[in-house]
Amino acid sequence: MLYQKGEGNALQKGKTKAIAVQGVLFALMSALSFAEGFLTPWLGLPPGVKIGLANTVVMYALLCLGKGSAFTLTVLKSMFVFLTRGAMAGALSLGGGLLAVLAMSLLYGPKRKVSLFMLSAVSAILHNLGQLMVLGFLMRSVYTLYYLPILLVSGLIMGSLTACCLKAAAPALKRLGYWDPVDPHK
């Protein structure tokens with residue numbers, strides 16, 4: 001027998017809890033992404049610049065649930081964007097999101113210690129760069145690169161803002177038992 005009687009339920013509860021947490025995170029990420037669409041015009045941000053609140057959820061997933069969860073949530077968010085805003089927006093979301101999560105995964109790896117601000121800022125900048133690369137490919141134009149300076153600066157600013165949001169939420173998440181960053185050094 002591979003496990004004692006009753007242990008199978010504990011293992012199943014762990015998987016069930018992980019799926020439920022990911023479902024809640026996906027719902028939160030979708031709501032934040034949707035809300036950003038309304039906030040952006042009020043804030044007077046340039047076209048294509050968003051706060052990145054949904055990316056806070058991806059960062060949380062990477063830190064507390066692992067790389068697999070972060071990649072899964074990024075793909076799910078892109079599918080949500082595709083369904084709600086169209087193919088172009090979905091492609092931009094996927095390209096930027098995957099590049100950002102890949103960068104965070106590499107930065108938050110074995111033998112690497114980076115601050116939350118650095119992780120978030122680099123992620124936001126590469127998210128913008130990934131979107132610009134997808135846009136350049138789809139439009140078959142290098143002229144999209146003219147927008148790069150605006151997206152680099154906004155990525156740095158918005159990345160710092162999302163880091164502040166996650167840092168502010170961490171104490172409450174810790175009290176609720178949902179803040180336990182995965183040790184990437186294991």
# chains A, B, ... in the order shown; residues from 1 in each chain; ligands from 1

call {"tool": "select_by_dssp", "arguments": {"residues": "region 71-148 of chain A", "states": "helix (DSSP H, G or I)", "output": "ChimeraX atom specification"}}
result
/A:71-85,87-107,116-139,143-148

call {"tool": "residues_around", "arguments": {"residues": "Leu107 (chain A)", "least_positions_apart": "3", "cutoff": "12 Å", "atoms": "only C-alpha atoms", "output": "list in words"}}
result
Met59, Leu62, Leu63, Lys67, Ala100, Val101, Leu102, Ala103, Met104, Pro110, Lys111, Arg112, Lys113, Val114, Ser115, Leu116, Phe117, Met118, Leu119, Ser120, Ala121, Val122, Ser123, Pro184 and His185 of chain A

call {"tool": "atom_distance", "arguments": {"atom1": "CA of Leu151 (chain A)", "atom2": "CA of Leu106 (chain A)"}}
result
21.7 Å

call {"tool": "residues_around", "arguments": {"residues": "Leu132 (chain A)", "least_positions_apart": "5", "cutoff": "12 Å", "atoms": "only C-alpha atoms", "output": "PyMOL selection string"}}
result
chain A and resi 48-49+88-89+91-97+99+125-127+137-152

call {"tool": "write_last_selection", "arguments": {"atoms": "C-alpha atoms", "output": "mmCIF file, in the first residue's frame"}}
result
data_model
loop_
_atom_site.group_PDB
_atom_site.id
_atom_site.type_symbol
_atom_site.label_atom_id
_atom_site.label_comp_id
_atom_site.auth_asym_id
_atom_site.auth_seq_id
_atom_site.Cartn_x
_atom_site.Cartn_y
_atom_site.Cartn_z
ATOM 1 C CA GLY A 48 -1.630 50.948 -24.095
ATOM 2 C CA VAL A 49 -0.505 51.912 -20.593
ATOM 3 C CA MET A 88 -5.462 41.164 -31.066
ATOM 4 C CA ALA A 89 -5.807 42.000 -27.366
ATOM 5 C CA ALA A 91 -2.377 37.882 -28.514
ATOM 6 C CA LEU A 92 -0.838 40.970 -26.900
ATOM 7 C CA SER A 93 -1.805 39.731 -23.445
ATOM 8 C CA LEU A 94 -0.322 36.293 -24.084
ATOM 9 C CA GLY A 95 2.939 37.596 -25.572
ATOM 10 C CA GLY A 96 3.511 40.155 -22.842
ATOM 11 C CA GLY A 97 2.324 37.910 -20.038
ATOM 12 C CA LEU A 99 7.597 37.044 -21.349
ATOM 13 C CA ILE A 125 8.913 46.353 -18.560
ATOM 14 C CA LEU A 126 9.210 42.951 -20.236
ATOM 15 C CA HIS A 127 5.422 42.613 -20.368
ATOM 16 C CA PHE A 137 5.036 41.032 -35.723
ATOM 17 C CA LEU A 138 1.289 41.214 -36.360
ATOM 18 C CA MET A 139 1.485 44.625 -38.015
ATOM 19 C CA ARG A 140 4.726 43.678 -39.811
ATOM 20 C CA SER A 141 6.195 47.030 -38.906
ATOM 21 C CA VAL A 142 9.204 48.277 -36.966
ATOM 22 C CA TYR A 143 7.448 51.605 -36.405
ATOM 23 C CA THR A 144 5.836 50.163 -33.285
ATOM 24 C CA LEU A 145 9.260 50.546 -31.644
ATOM 25 C CA TYR A 146 8.774 54.307 -31.571
ATOM 26 C CA TYR A 147 6.456 53.688 -28.620
ATOM 27 C CA LEU A 148 9.166 51.804 -26.710
ATOM 28 C CA PRO A 149 10.425 54.727 -24.550
ATOM 29 C CA ILE A 150 6.899 55.434 -23.264
ATOM 30 C CA LEU A 151 6.345 51.759 -22.467
ATOM 31 C CA LEU A 152 9.722 51.402 -20.729
#
